file start_15.txt (compact mmCIF, C-alpha atoms)
# COMPACT_ATOMS: atom_id res chain seq x y z
CA MET N 11 -35.75 -0.11 32.89
CA LEU N 12 -35.06 1.65 29.64
CA ASP N 13 -37.76 3.84 28.17
CA LYS N 14 -37.72 3.08 24.45
CA ASN N 15 -39.25 6.47 23.70
CA ASN N 16 -35.92 7.99 24.59
CA CYS N 17 -34.28 6.09 21.76
CA ALA N 18 -36.30 7.61 18.97
CA GLU N 19 -34.90 11.07 19.63
CA LYS N 20 -31.32 9.89 19.76
CA THR N 21 -28.98 9.58 16.80
CA ASP N 22 -27.13 6.33 16.20
CA GLU N 23 -23.91 7.93 17.31
CA GLU N 24 -25.49 9.11 20.57
CA LEU N 25 -26.83 5.62 21.17
CA VAL N 26 -23.35 4.17 20.76
CA VAL N 27 -22.05 6.48 23.48
CA LEU N 28 -25.01 5.65 25.72
CA THR N 29 -24.58 1.90 25.12
CA LEU N 30 -20.97 2.09 26.25
CA GLU N 31 -22.25 3.52 29.52
CA ASN N 32 -25.33 1.35 29.85
CA GLN N 33 -25.69 -1.84 27.81
CA ASN N 34 -29.49 -1.63 27.86
CA PHE N 35 -29.30 1.10 25.24
CA PHE N 36 -27.99 -1.49 22.79
CA SER N 37 -31.53 -2.74 22.40
CA CYS N 38 -32.38 0.59 20.72
CA LEU N 39 -29.70 0.01 18.10
CA VAL N 40 -30.81 -3.60 17.63
CA GLU N 41 -34.41 -2.53 17.21
CA ARG N 42 -33.44 0.18 14.74
CA TYR N 43 -31.25 -2.01 12.55
CA GLU N 44 -32.74 -5.49 12.87
CA PRO N 45 -35.23 -5.23 9.98
CA LYS N 46 -32.82 -3.33 7.73
CA LEU N 47 -29.96 -5.77 8.23
CA MET N 48 -32.23 -8.78 7.94
CA ARG N 49 -33.39 -7.55 4.52
CA TYR N 50 -29.83 -6.79 3.53
CA ILE N 51 -28.57 -10.25 4.52
CA ARG N 52 -31.37 -11.91 2.58
CA ARG N 53 -30.59 -9.73 -0.42
CA ILE N 54 -26.88 -10.46 -0.55
CA SER N 55 -26.95 -14.12 0.39
CA SER N 56 -28.95 -17.18 -0.26
CA ALA N 57 -29.43 -17.71 3.48
CA THR N 58 -32.68 -19.14 4.75
CA GLN N 59 -34.70 -17.11 7.27
CA GLU N 60 -33.30 -19.25 10.08
CA ASP N 61 -29.67 -18.92 8.90
CA ALA N 62 -30.14 -15.20 8.39
CA GLU N 63 -31.38 -14.83 11.97
CA ASP N 64 -28.34 -16.70 13.33
CA LEU N 65 -26.09 -14.54 11.19
CA LEU N 66 -27.81 -11.39 12.35
CA GLN N 67 -27.36 -12.40 15.95
CA GLU N 68 -23.63 -12.88 15.35
CA ILE N 69 -23.48 -9.51 13.60
CA PHE N 70 -25.05 -7.69 16.54
CA ILE N 71 -22.78 -9.46 19.03
CA LYS N 72 -19.79 -8.46 16.94
CA VAL N 73 -21.05 -4.87 16.73
CA TYR N 74 -21.43 -4.83 20.51
CA ARG N 75 -17.94 -6.20 21.09
CA HIS N 76 -16.42 -3.68 18.66
CA LEU N 77 -18.37 -0.60 19.77
CA ASN N 78 -15.17 1.08 20.94
CA ASP N 79 -13.76 0.71 17.44
CA PHE N 80 -16.48 2.88 15.93
CA ASP N 81 -15.29 6.38 15.18
CA GLY N 82 -17.57 9.30 14.50
CA LYS N 83 -15.95 10.11 11.15
CA LEU N 84 -18.01 7.30 9.69
CA LYS N 85 -21.79 7.05 9.70
CA PHE N 86 -22.90 4.38 12.13
CA SER N 87 -25.14 2.86 9.48
CA SER N 88 -22.16 2.47 7.11
CA TRP N 89 -20.16 0.86 9.89
CA ILE N 90 -22.86 -1.64 10.85
CA TYR N 91 -23.58 -2.49 7.20
CA ARG N 92 -19.87 -3.06 6.68
CA ILE N 93 -19.77 -5.50 9.59
CA ALA N 94 -22.84 -7.26 8.22
CA HIS N 95 -21.35 -7.46 4.74
CA ASN N 96 -18.04 -8.83 6.03
CA GLN N 97 -19.79 -11.29 8.30
CA VAL N 98 -21.86 -12.67 5.41
CA ILE N 99 -18.74 -13.12 3.29
CA SER N 100 -16.81 -14.66 6.17
CA GLN N 101 -19.69 -17.03 6.99
CA TRP N 102 -19.82 -18.09 3.36
CA ARG N 103 -16.05 -18.71 3.33
CA LYS N 104 -16.33 -20.76 6.51
CA THR N 105 -19.05 -23.10 5.37
CA LYS N 106 -19.01 -22.93 1.58
CA ALA N 107 -21.87 -25.37 1.91
CA ARG N 108 -24.01 -23.19 -0.30
CA PRO N 109 -22.67 -21.04 -3.07
CA LEU N 110 -22.80 -17.33 -2.35
CA VAL N 111 -25.52 -16.26 -4.72
CA LEU N 112 -26.57 -12.69 -4.52
CA LYS N 113 -30.29 -12.74 -4.84
CA PHE N 114 -31.91 -9.62 -6.12
CA GLU N 115 -35.19 -9.39 -4.28
CA ALA N 116 -36.28 -6.26 -6.05
CA ASP N 117 -39.43 -4.81 -4.60
CA GLU N 118 -42.01 -2.82 -6.52
CA ASP N 119 -40.44 0.51 -5.57
CA PHE N 120 -37.19 -0.56 -7.10
CA LEU N 121 -38.86 -1.71 -10.29
CA LYS N 122 -40.53 1.69 -10.55
CA PHE N 123 -37.15 3.28 -10.01
CA ILE N 124 -35.72 1.27 -12.86
CA ALA N 125 -38.42 2.52 -15.15
CA THR N 126 -37.60 6.13 -14.38
CA ASP N 127 -33.84 6.11 -13.88
CA GLU N 128 -32.26 7.81 -16.90
CA ASP N 129 -29.39 5.38 -17.13
CA LEU N 130 -31.32 2.27 -16.32
CA ALA N 131 -34.55 3.00 -18.19
CA LEU N 132 -35.19 0.28 -20.67
CA ASP N 133 -35.33 2.00 -24.02
CA THR N 134 -36.95 -0.97 -25.62
CA GLU N 135 -40.25 -1.19 -27.37
CA ARG N 136 -41.36 -4.04 -25.22
CA LYS N 137 -42.38 -3.50 -21.62
CA PHE N 138 -40.86 -6.14 -19.36
CA ALA N 139 -42.85 -7.70 -16.59
CA ALA N 140 -41.61 -7.22 -13.05
CA GLU N 141 -40.56 -10.86 -12.81
CA GLU N 142 -38.49 -10.54 -15.99
CA VAL N 143 -36.71 -7.49 -14.64
CA ARG N 144 -35.91 -9.41 -11.46
CA GLU N 145 -34.54 -12.26 -13.56
CA MET N 146 -32.38 -9.86 -15.58
CA LEU N 147 -31.03 -8.28 -12.42
CA ASN N 148 -30.14 -11.70 -11.09
CA ASN N 149 -28.16 -12.39 -14.26
CA LEU N 150 -25.76 -9.57 -13.43
CA ASP N 151 -22.27 -10.38 -12.13
CA ASP N 152 -22.22 -10.61 -8.31
CA LYS N 153 -19.88 -7.63 -7.94
CA TYR N 154 -22.45 -5.51 -9.80
CA LYS N 155 -25.42 -6.89 -7.90
CA GLU N 156 -23.69 -6.05 -4.63
CA VAL N 157 -23.39 -2.34 -5.47
CA LEU N 158 -26.85 -2.19 -7.01
CA VAL N 159 -28.36 -3.68 -3.86
CA LEU N 160 -26.72 -0.97 -1.80
CA LYS N 161 -27.46 1.83 -4.26
CA PHE N 162 -31.04 1.10 -5.20
CA LEU N 163 -32.44 -1.20 -2.53
CA GLU N 164 -30.65 0.08 0.54
CA GLU N 165 -30.60 3.59 -0.94
CA LYS N 166 -27.04 4.33 0.08
CA ASP N 167 -25.03 7.11 -1.53
CA TYR N 168 -21.62 6.59 -3.13
CA LYS N 169 -19.71 7.60 -0.01
CA GLU N 170 -21.70 5.14 2.13
CA ILE N 171 -21.21 2.33 -0.40
CA SER N 172 -17.50 3.12 -0.44
CA ASP N 173 -17.39 2.88 3.37
CA ILE N 174 -19.44 -0.33 3.46
CA LEU N 175 -17.58 -2.23 0.76
CA GLN N 176 -14.26 -0.58 1.66
CA LYS N 177 -13.56 0.38 -1.90
CA PRO N 178 -12.46 3.79 -3.24
CA LEU N 179 -15.26 6.15 -4.35
CA GLY N 180 -14.04 5.99 -7.95
CA THR N 181 -14.27 2.21 -7.94
CA VAL N 182 -17.84 2.37 -6.61
CA ALA N 183 -18.83 4.82 -9.36
CA THR N 184 -17.22 2.59 -11.99
CA LEU N 185 -18.97 -0.51 -10.65
CA ILE N 186 -22.36 1.21 -10.71
CA ASN N 187 -21.84 2.47 -14.26
CA ARG N 188 -20.74 -0.95 -15.45
CA ALA N 189 -23.66 -2.56 -13.64
CA LYS N 190 -26.05 -0.25 -15.46
CA LYS N 191 -24.39 -1.02 -18.79
CA GLN N 192 -24.54 -4.75 -18.18
CA PHE N 193 -28.17 -4.50 -17.18
CA LYS N 194 -29.04 -2.65 -20.38
CA SER N 195 -27.11 -5.14 -22.46
CA ILE N 196 -28.93 -8.08 -20.80
CA SER N 197 -32.29 -6.41 -21.39
CA LYS N 198 -31.52 -5.84 -25.09
CA GLU N 199 -30.38 -9.43 -25.48
CA LYS N 200 -33.56 -10.64 -23.84
CA GLU N 201 -35.67 -8.52 -26.14
CA LEU N 202 -33.97 -9.98 -29.22
CA ASN N 203 -34.51 -13.52 -27.97
CA ILE N 204 -38.23 -13.10 -27.63
CA MET S 23 -39.29 -6.35 22.15
CA GLY S 24 -38.84 -8.67 19.18
CA GLU S 25 -37.78 -12.28 19.55
CA LEU S 26 -34.38 -11.80 17.97
CA GLU S 27 -33.69 -8.61 19.91
CA LYS S 28 -34.50 -10.48 23.12
CA LYS S 29 -32.18 -13.37 22.19
CA ILE S 30 -29.31 -11.00 21.42
CA LEU S 31 -29.62 -9.10 24.68
CA GLU S 32 -29.98 -12.32 26.67
CA LYS S 33 -26.85 -13.73 25.06
CA ILE S 34 -24.91 -10.57 25.89
CA LYS S 35 -26.01 -10.77 29.51
CA GLU S 36 -25.66 -14.55 29.95
CA GLU S 37 -22.22 -14.75 28.37
CA LYS S 38 -21.18 -11.51 30.08
CA ILE S 39 -20.06 -10.08 26.76
CA VAL S 40 -18.51 -6.64 27.07
CA PRO S 41 -17.17 -4.25 24.46
CA LYS S 42 -13.44 -4.66 23.89
CA PRO S 43 -11.49 -1.81 25.45
CA ARG S 44 -10.68 1.15 23.22
CA TRP S 45 -6.93 0.87 23.78
CA GLN S 46 -6.87 -2.47 21.95
CA PHE S 47 -8.21 -0.88 18.79
CA LEU S 48 -5.96 2.15 19.17
CA LEU S 49 -2.94 -0.11 19.64
CA LYS S 50 -3.79 -2.00 16.46
CA ASP S 51 -4.27 1.27 14.54
CA TYR S 52 -1.02 2.78 15.76
CA SER S 53 0.85 -0.46 15.02
CA ILE S 54 -0.33 -0.48 11.43
CA TRP S 55 0.49 3.21 10.96
CA SER S 56 3.91 2.67 12.54
CA ALA S 57 4.58 -0.28 10.25
CA PHE S 58 3.60 1.91 7.29
CA LEU S 59 5.93 4.73 8.36
CA VAL S 60 8.81 2.32 9.05
CA SER S 61 8.32 0.80 5.59
CA VAL S 62 8.48 4.24 3.95
CA VAL S 63 11.58 5.20 5.95
CA VAL S 64 13.39 1.92 5.21
CA GLY S 65 12.33 2.28 1.55
CA GLY S 66 13.85 5.77 1.70
CA LEU S 67 17.09 4.34 3.10
CA ALA S 68 17.21 1.70 0.36
CA PHE S 69 16.65 4.41 -2.24
CA CYS S 70 19.35 6.64 -0.75
CA VAL S 71 21.94 3.85 -0.83
CA ALA S 72 20.98 3.02 -4.42
CA LEU S 73 21.25 6.71 -5.30
CA SER S 74 24.63 7.12 -3.60
CA ILE S 75 26.04 4.07 -5.37
CA THR S 76 24.68 5.27 -8.71
CA VAL S 77 26.03 8.79 -8.26
CA ASP S 78 29.44 7.55 -7.07
CA ASN S 79 29.77 5.01 -9.84
CA ASP S 80 32.15 5.77 -12.66
CA TRP S 81 29.95 4.95 -15.61
CA ASP S 82 32.55 5.85 -18.24
CA ILE S 83 35.44 3.59 -17.25
CA TYR S 84 34.16 0.48 -19.06
CA ARG S 85 36.76 0.95 -21.79
CA TYR S 86 39.58 0.46 -19.26
CA LEU S 87 37.90 -2.67 -17.93
CA SER S 88 37.65 -4.19 -21.43
CA ILE S 89 33.89 -4.69 -21.19
CA SER S 90 30.96 -3.24 -23.12
CA PRO S 91 29.14 -0.19 -21.72
CA VAL S 92 25.95 -2.27 -21.33
CA LYS S 93 27.77 -4.97 -19.36
CA HIS S 94 29.41 -2.31 -17.21
CA MET S 95 26.03 -0.72 -16.55
CA LEU S 96 24.42 -4.07 -15.73
CA LEU S 97 27.27 -4.95 -13.38
CA SER S 98 27.13 -1.56 -11.70
CA LEU S 99 23.42 -1.32 -10.90
CA PRO S 100 22.70 -1.64 -7.17
CA TYR S 101 20.24 -4.52 -7.53
CA LEU S 102 20.12 -5.40 -3.84
CA TRP S 103 19.00 -1.89 -2.91
CA ILE S 104 16.56 -1.66 -5.80
CA VAL S 105 14.97 -4.96 -4.71
CA LEU S 106 14.83 -3.74 -1.10
CA LEU S 107 13.25 -0.47 -2.25
CA PHE S 108 10.48 -2.34 -4.08
CA LEU S 109 10.03 -4.75 -1.17
CA PHE S 110 9.50 -1.93 1.31
CA LEU S 111 7.28 -0.04 -1.10
CA ALA S 112 5.10 -3.14 -1.31
CA LEU S 113 5.11 -3.37 2.49
CA ALA S 114 4.18 0.31 2.81
CA PHE S 115 1.32 -0.23 0.38
CA TYR S 116 0.13 -3.32 2.24
CA ASN S 117 0.24 -1.56 5.61
CA TYR S 118 -1.52 1.55 4.33
CA LYS S 119 -4.29 -0.54 2.81
CA HIS S 120 -4.80 -2.10 6.25
CA THR S 121 -5.25 1.21 8.02
CA LYS S 122 -8.80 2.34 8.72
CA ILE S 123 -8.77 4.79 5.83
CA GLY S 124 -6.69 2.63 3.50
CA TYR S 125 -9.62 1.63 1.31
CA ARG S 126 -10.52 5.20 0.43
CA HIS S 127 -7.61 5.73 -1.92
CA SER S 128 -6.83 3.93 -5.13
CA VAL S 129 -3.79 1.73 -5.64
CA PHE S 130 -2.16 4.42 -7.80
CA ILE S 131 -2.53 7.15 -5.19
CA VAL S 132 -1.24 4.98 -2.34
CA LEU S 133 1.67 3.60 -4.36
CA GLY S 134 2.41 7.03 -5.81
CA LEU S 135 2.54 8.62 -2.35
CA SER S 136 4.67 5.78 -0.96
CA ILE S 137 7.11 6.11 -3.88
CA ALA S 138 7.19 9.91 -3.53
CA GLY S 139 7.74 9.60 0.25
CA SER S 140 10.58 7.10 -0.14
CA ILE S 141 12.24 9.13 -2.91
CA LEU S 142 11.99 12.38 -0.97
CA LEU S 143 13.32 10.81 2.22
CA GLY S 144 15.96 8.96 0.20
CA TYR S 145 17.15 12.23 -1.33
CA VAL S 146 17.37 13.87 2.10
CA PHE S 147 19.31 10.87 3.47
CA HIS S 148 21.59 10.89 0.43
CA SER S 149 22.31 14.59 0.88
CA ALA S 150 23.26 13.88 4.48
CA GLY S 151 25.73 11.22 3.31
CA ILE S 152 23.79 8.39 4.93
CA GLY S 153 23.68 6.26 1.77
CA ARG S 154 27.44 6.10 1.47
CA LYS S 155 27.78 5.25 5.18
CA ILE S 156 25.28 2.38 4.93
CA ASP S 157 27.09 1.06 1.85
CA ARG S 158 30.40 1.07 3.73
CA ILE S 159 28.89 -0.53 6.87
CA PHE S 160 27.50 -3.34 4.76
CA ALA S 161 30.79 -3.68 2.86
CA ARG S 162 32.71 -4.05 6.12
CA ASN S 163 30.33 -6.36 7.95
CA VAL S 164 28.41 -8.45 5.42
CA PRO S 165 30.66 -10.93 3.60
CA LEU S 166 28.15 -11.61 0.81
CA TYR S 167 27.78 -7.90 0.16
CA GLN S 168 31.52 -7.64 -0.45
CA GLU S 169 31.16 -10.11 -3.30
CA MET S 170 28.62 -7.96 -5.12
CA GLU S 171 29.87 -6.22 -8.23
CA CYS S 172 27.79 -3.14 -7.82
CA CYS S 173 28.39 -1.82 -4.43
CA SER S 174 31.50 -2.12 -2.42
CA ASN S 175 34.00 -3.09 -5.06
CA ARG S 176 35.04 0.37 -6.09
CA LYS S 177 38.35 -0.20 -4.36
CA ASP S 178 38.92 -3.30 -6.50
CA ILE S 179 38.09 -1.42 -9.68
CA TRP S 180 40.57 1.29 -8.79
CA SER S 181 43.30 -1.18 -7.88
CA GLN S 182 44.15 -2.13 -11.45
CA PRO S 183 47.15 0.02 -12.42
CA ASP S 184 47.92 -2.40 -15.27
CA LYS S 185 44.58 -1.35 -16.80
CA GLY S 186 45.22 2.31 -16.12
CA LEU S 187 43.07 2.62 -12.99
CA LEU S 188 44.60 3.57 -9.67
CA GLY S 189 42.98 4.91 -6.53
CA GLY S 190 44.26 5.93 -3.14
CA ARG S 191 45.14 8.73 -0.78
CA ILE S 192 47.63 11.54 -1.48
CA LEU S 193 50.53 11.20 0.95
CA ASN S 194 52.43 14.31 -0.03
CA VAL S 195 52.65 16.72 -2.91
CA ARG S 196 56.27 16.52 -3.82
CA PHE S 197 56.42 19.01 -6.63
CA GLU S 198 54.06 20.71 -9.05
CA ASP S 199 54.11 17.86 -11.53
CA GLY S 200 53.47 15.03 -9.16
CA PHE S 201 52.59 13.58 -5.80
CA ASP S 202 52.92 10.39 -3.80
CA LEU S 203 49.91 8.19 -3.44
CA GLU S 204 49.20 5.27 -1.13
CA ASP S 205 46.95 2.68 -2.74
CA PHE S 206 44.55 0.30 -0.96
CA GLN S 207 47.25 -2.30 -0.43
CA GLY S 208 49.45 0.27 1.28
CA ILE S 209 51.86 0.52 -1.64
CA VAL S 210 53.24 4.01 -2.26
CA TRP S 211 53.20 5.19 -5.86
CA GLN S 212 54.97 8.10 -7.44
CA VAL S 213 52.41 9.86 -9.57
CA GLU S 214 53.33 12.18 -12.39
CA LYS S 215 50.99 14.65 -14.04
CA ASP S 216 51.54 17.32 -16.60
CA GLY S 217 49.75 20.48 -17.65
CA GLN S 218 47.37 18.49 -19.85
CA VAL S 219 45.96 16.49 -16.95
CA LEU S 220 42.18 16.52 -16.76
CA ILE S 221 40.83 17.26 -13.31
CA ARG S 222 37.10 16.45 -13.36
CA GLU S 223 35.68 18.29 -10.37
CA PRO S 224 37.02 21.48 -8.90
CA PHE S 225 39.14 20.20 -6.01
CA LEU S 226 42.65 20.77 -4.77
CA VAL S 227 45.32 18.13 -5.08
CA ARG S 228 46.47 18.16 -1.49
CA VAL S 229 47.67 15.81 1.22
CA GLY S 230 45.00 13.49 2.60
CA GLU S 231 42.60 13.76 -0.36
CA GLY S 232 41.22 10.53 -1.87
CA VAL S 233 41.68 10.38 -5.63
CA LYS S 234 40.99 8.11 -8.57
CA LEU S 235 43.54 8.22 -11.35
CA ILE S 236 43.21 7.22 -14.98
CA GLY S 237 46.48 6.87 -16.78
CA GLU S 238 49.30 4.48 -17.32
CA GLU S 239 51.63 2.36 -15.20
CA ARG S 240 55.00 3.50 -16.53
CA ALA S 241 57.24 1.49 -14.20
CA GLN S 242 56.99 -0.30 -10.90
CA GLN S 243 55.18 1.99 -8.44
CA HIS S 244 55.34 4.75 -10.98
CA PHE S 245 52.08 5.99 -12.52
CA TRP S 246 51.39 8.70 -15.06
CA ALA S 247 48.00 10.37 -14.56
CA ARG S 248 45.99 11.53 -17.53
CA GLU S 249 42.90 12.26 -15.46
CA ILE S 250 42.33 12.88 -11.75
CA ARG S 251 38.96 12.42 -10.08
CA HIS S 252 38.04 13.26 -6.56
CA TRP S 253 37.07 10.23 -4.46
CA ASP S 254 33.85 11.31 -2.80
CA GLY S 255 33.38 9.77 0.61
CA TRP S 256 37.02 8.79 0.87
CA GLU S 257 36.87 9.25 4.62
CA ASP S 258 34.36 6.38 4.81
CA GLU S 259 36.53 3.92 2.90

call {"tool": "encode", "arguments": {"input": "start_15.txt", "output": "structure tokens"}}
result
Amino acid sequence: MLDKNNCAEKTDEELVVLTLENQNFFSCLVERYEPKLMRYIRRISSATQEDAEDLLQEIFIKVYRHLNDFDGKLKFSSWIYRIAHNQVISQWRKTKARPLVLKFEADEDFLKFIATDEDLALDTERKFAAEEVREMLNNLDDKYKEVLVLKFLEEKDYKEISDILQKPLGTVATLINRAKKQFKSISKEKELNI
Amino acid sequence: MGELEKKILEKIKEEKIVPKPRWQFLLKDYSIWSAFLVSVVVGGLAFCVALSITVDNDWDIYRYLSISPVKHMLLSLPYLWIVLLFLFLALAFYNYKHTKIGYRHSVFIVLGLSIAGSILLGYVFHSAGIGRKIDRIFARNVPLYQEMECCSNRKDIWSQPDKGLLGGRILNVRFEDGFDLEDFQGIVWQVEKDGQVLIREPFLVRVGEGVKLIGEERAQQHFWAREIRHWDGWEDE
């Protein structure tokens, strides 16, 4: 039987190697990434809890099947997020039953971040309520929401976002800048309408 | 152990799921990289043939053909090879984008490198005379290619003595002011030249050389040369 205490000391990359030798180690990776990926799926799709769980199961099975495709030049977290991202998109393409709506479930930490980020800080006289900020974020174009989710909610750096979305670094930087601009423009518009 | 974690591990065990072997992924990677390299090399070959045809073309003879310089240029461009070059550049781009690192570089960098690779290789191939050889191989074996204005019809252009254009191989140098020339139909011409004759490139008028003559048909099988050009790649004709 696997002693889970062993997992905590191991890096993701070490766990991949161990899993290839003994499949029981895969449970360490599942345990480590289950909550993170569940949040991520819910943030980038309109999936219900049940659908998200099914999707997550498929993601982990796919990760397991493709373990030999993982190369150490990439962070394991970027690789597993990439698989999750692609799986969500592919699931949406398969069913198309529900539109793919990126839902910005901004938590309090993120809202605080918005208030302090130099580029995102709302230089308006009026202080927006948390719910209003969430609404404004959800009005952003999907391509911008996607990078903002990764940058501010998943706290990934540019290189990781580039590896997850499989876009050049420059494109990621441009998307984030444009996302910030669009967010500011939406907030100004909202202020004028009140 | 969480519920989901348990379900995942059970499924793996029950369905006897195993990681795909590493060689399958390596094979896919190498295939894509090979396809990329082949595309760049074939693009290079297309570029080298286009370059050879362009370099060998006589851009200034439009006045003897009674057509405008623009029409002559449009008729002379090696469209087939230009289209093939773009096609293989697009393939190289597509293949590179499908490699594991393909997403890291922008369209401009990938296309720029593919173009640079094809041009560099094309230049090397051209210098080795490969472009001219491919052109001749196509001209001999592909009927449709023979119909194209641009590429293999240089012999036709230089088989119009009535328009002042004659090409062929020097059979013998009879005297200082002339030589015998066998044209592409096997007809032997007596060629006269005088001290005013313009010889474009530095080459010797000697037996076996391929030449292109600009001048005048003075009588049957008798041609006066005003200008003599060396026929590059004669040996391939």

call {"tool": "interface_residues", "arguments": {"input": "start_15.txt", "of": "chain N", "to": "chain S", "cutoff": "7 Å", "atoms": "all atoms listed in the file", "output": "PDB file with C-alpha atoms, in the frame of the given file"}}
result
ATOM      1  CA  SER N  37     -31.530  -2.740  22.400  1.00  0.00           C
ATOM      2  CA  VAL N  40     -30.810  -3.600  17.630  1.00  0.00           C
ATOM      3  CA  GLU N  41     -34.410  -2.530  17.210  1.00  0.00           C
ATOM      4  CA  GLN N  67     -27.360 -12.400  15.950  1.00  0.00           C
ATOM      5  CA  TYR N  74     -21.430  -4.830  20.510  1.00  0.00           C
ATOM      6  CA  ARG N  75     -17.940  -6.200  21.090  1.00  0.00           C
ATOM      7  CA  HIS N  76     -16.420  -3.680  18.660  1.00  0.00           C
ATOM      8  CA  LEU N  77     -18.370  -0.600  19.770  1.00  0.00           C
ATOM      9  CA  ASN N  78     -15.170   1.080  20.940  1.00  0.00           C
ATOM     10  CA  ASP N  79     -13.760   0.710  17.440  1.00  0.00           C
ATOM     11  CA  GLN N 176     -14.260  -0.580   1.660  1.00  0.00           C
ATOM     12  CA  LYS N 177     -13.560   0.380  -1.900  1.00  0.00           C
ATOM     13  CA  PRO N 178     -12.460   3.790  -3.240  1.00  0.00           C
ATOM     14  CA  LEU N 179     -15.260   6.150  -4.350  1.00  0.00           C
TER      15      LEU N 179
END

call {"tool": "closest_residue", "arguments": {"input": "start_15.txt", "among": "N:Glu63, N:Asp152, N:Glu199, N:Glu31", "to": "Leu47 in chain N", "atoms": "only C-alpha atoms"}}
result
N:Glu63

call {"tool": "atom_distance", "arguments": {"input": "start_15.txt", "atom1": "CA of Asn163 in chain S", "atom2": "CA of Trp81 in chain S"}}
result
26.1 Å

call {"tool": "residues_near_point", "arguments": {"input": "start_15.txt", "point": "(33.1, -3.8, -15.3)", "cutoff": "10 Å", "atoms": "only C-alpha atoms", "output": "list in words"}}
result
Asp80, Trp81, Ile83, Tyr84, Arg85, Tyr86, Leu87, Ser88, Ile89, Ser90, Pro91, Val92, Lys93, His94, Met95, Leu96, Leu97, Ser98, Glu171, Cys172 and Ile179 of chain S

call {"tool": "residues_near_point", "arguments": {"input": "start_15.txt", "point": "(-2.9, -4.6, 8.8)", "cutoff": "6 Å", "atoms": "all atoms listed in the file", "output": "ChimeraX atom specification"}}
result
/S:54,117,120

call {"tool": "write_last_selection", "arguments": {"input": "start_15.txt", "atoms": "C-alpha atoms", "output": "PDB file, keeping the file's coordinate frame"}}
result
ATOM      1  CA  ILE S  54      -0.330  -0.480  11.430  1.00  0.00           C
ATOM      2  CA  ASN S 117       0.240  -1.560   5.610  1.00  0.00           C
ATOM      3  CA  HIS S 120      -4.800  -2.100   6.250  1.00  0.00           C
TER       4      HIS S 120
END
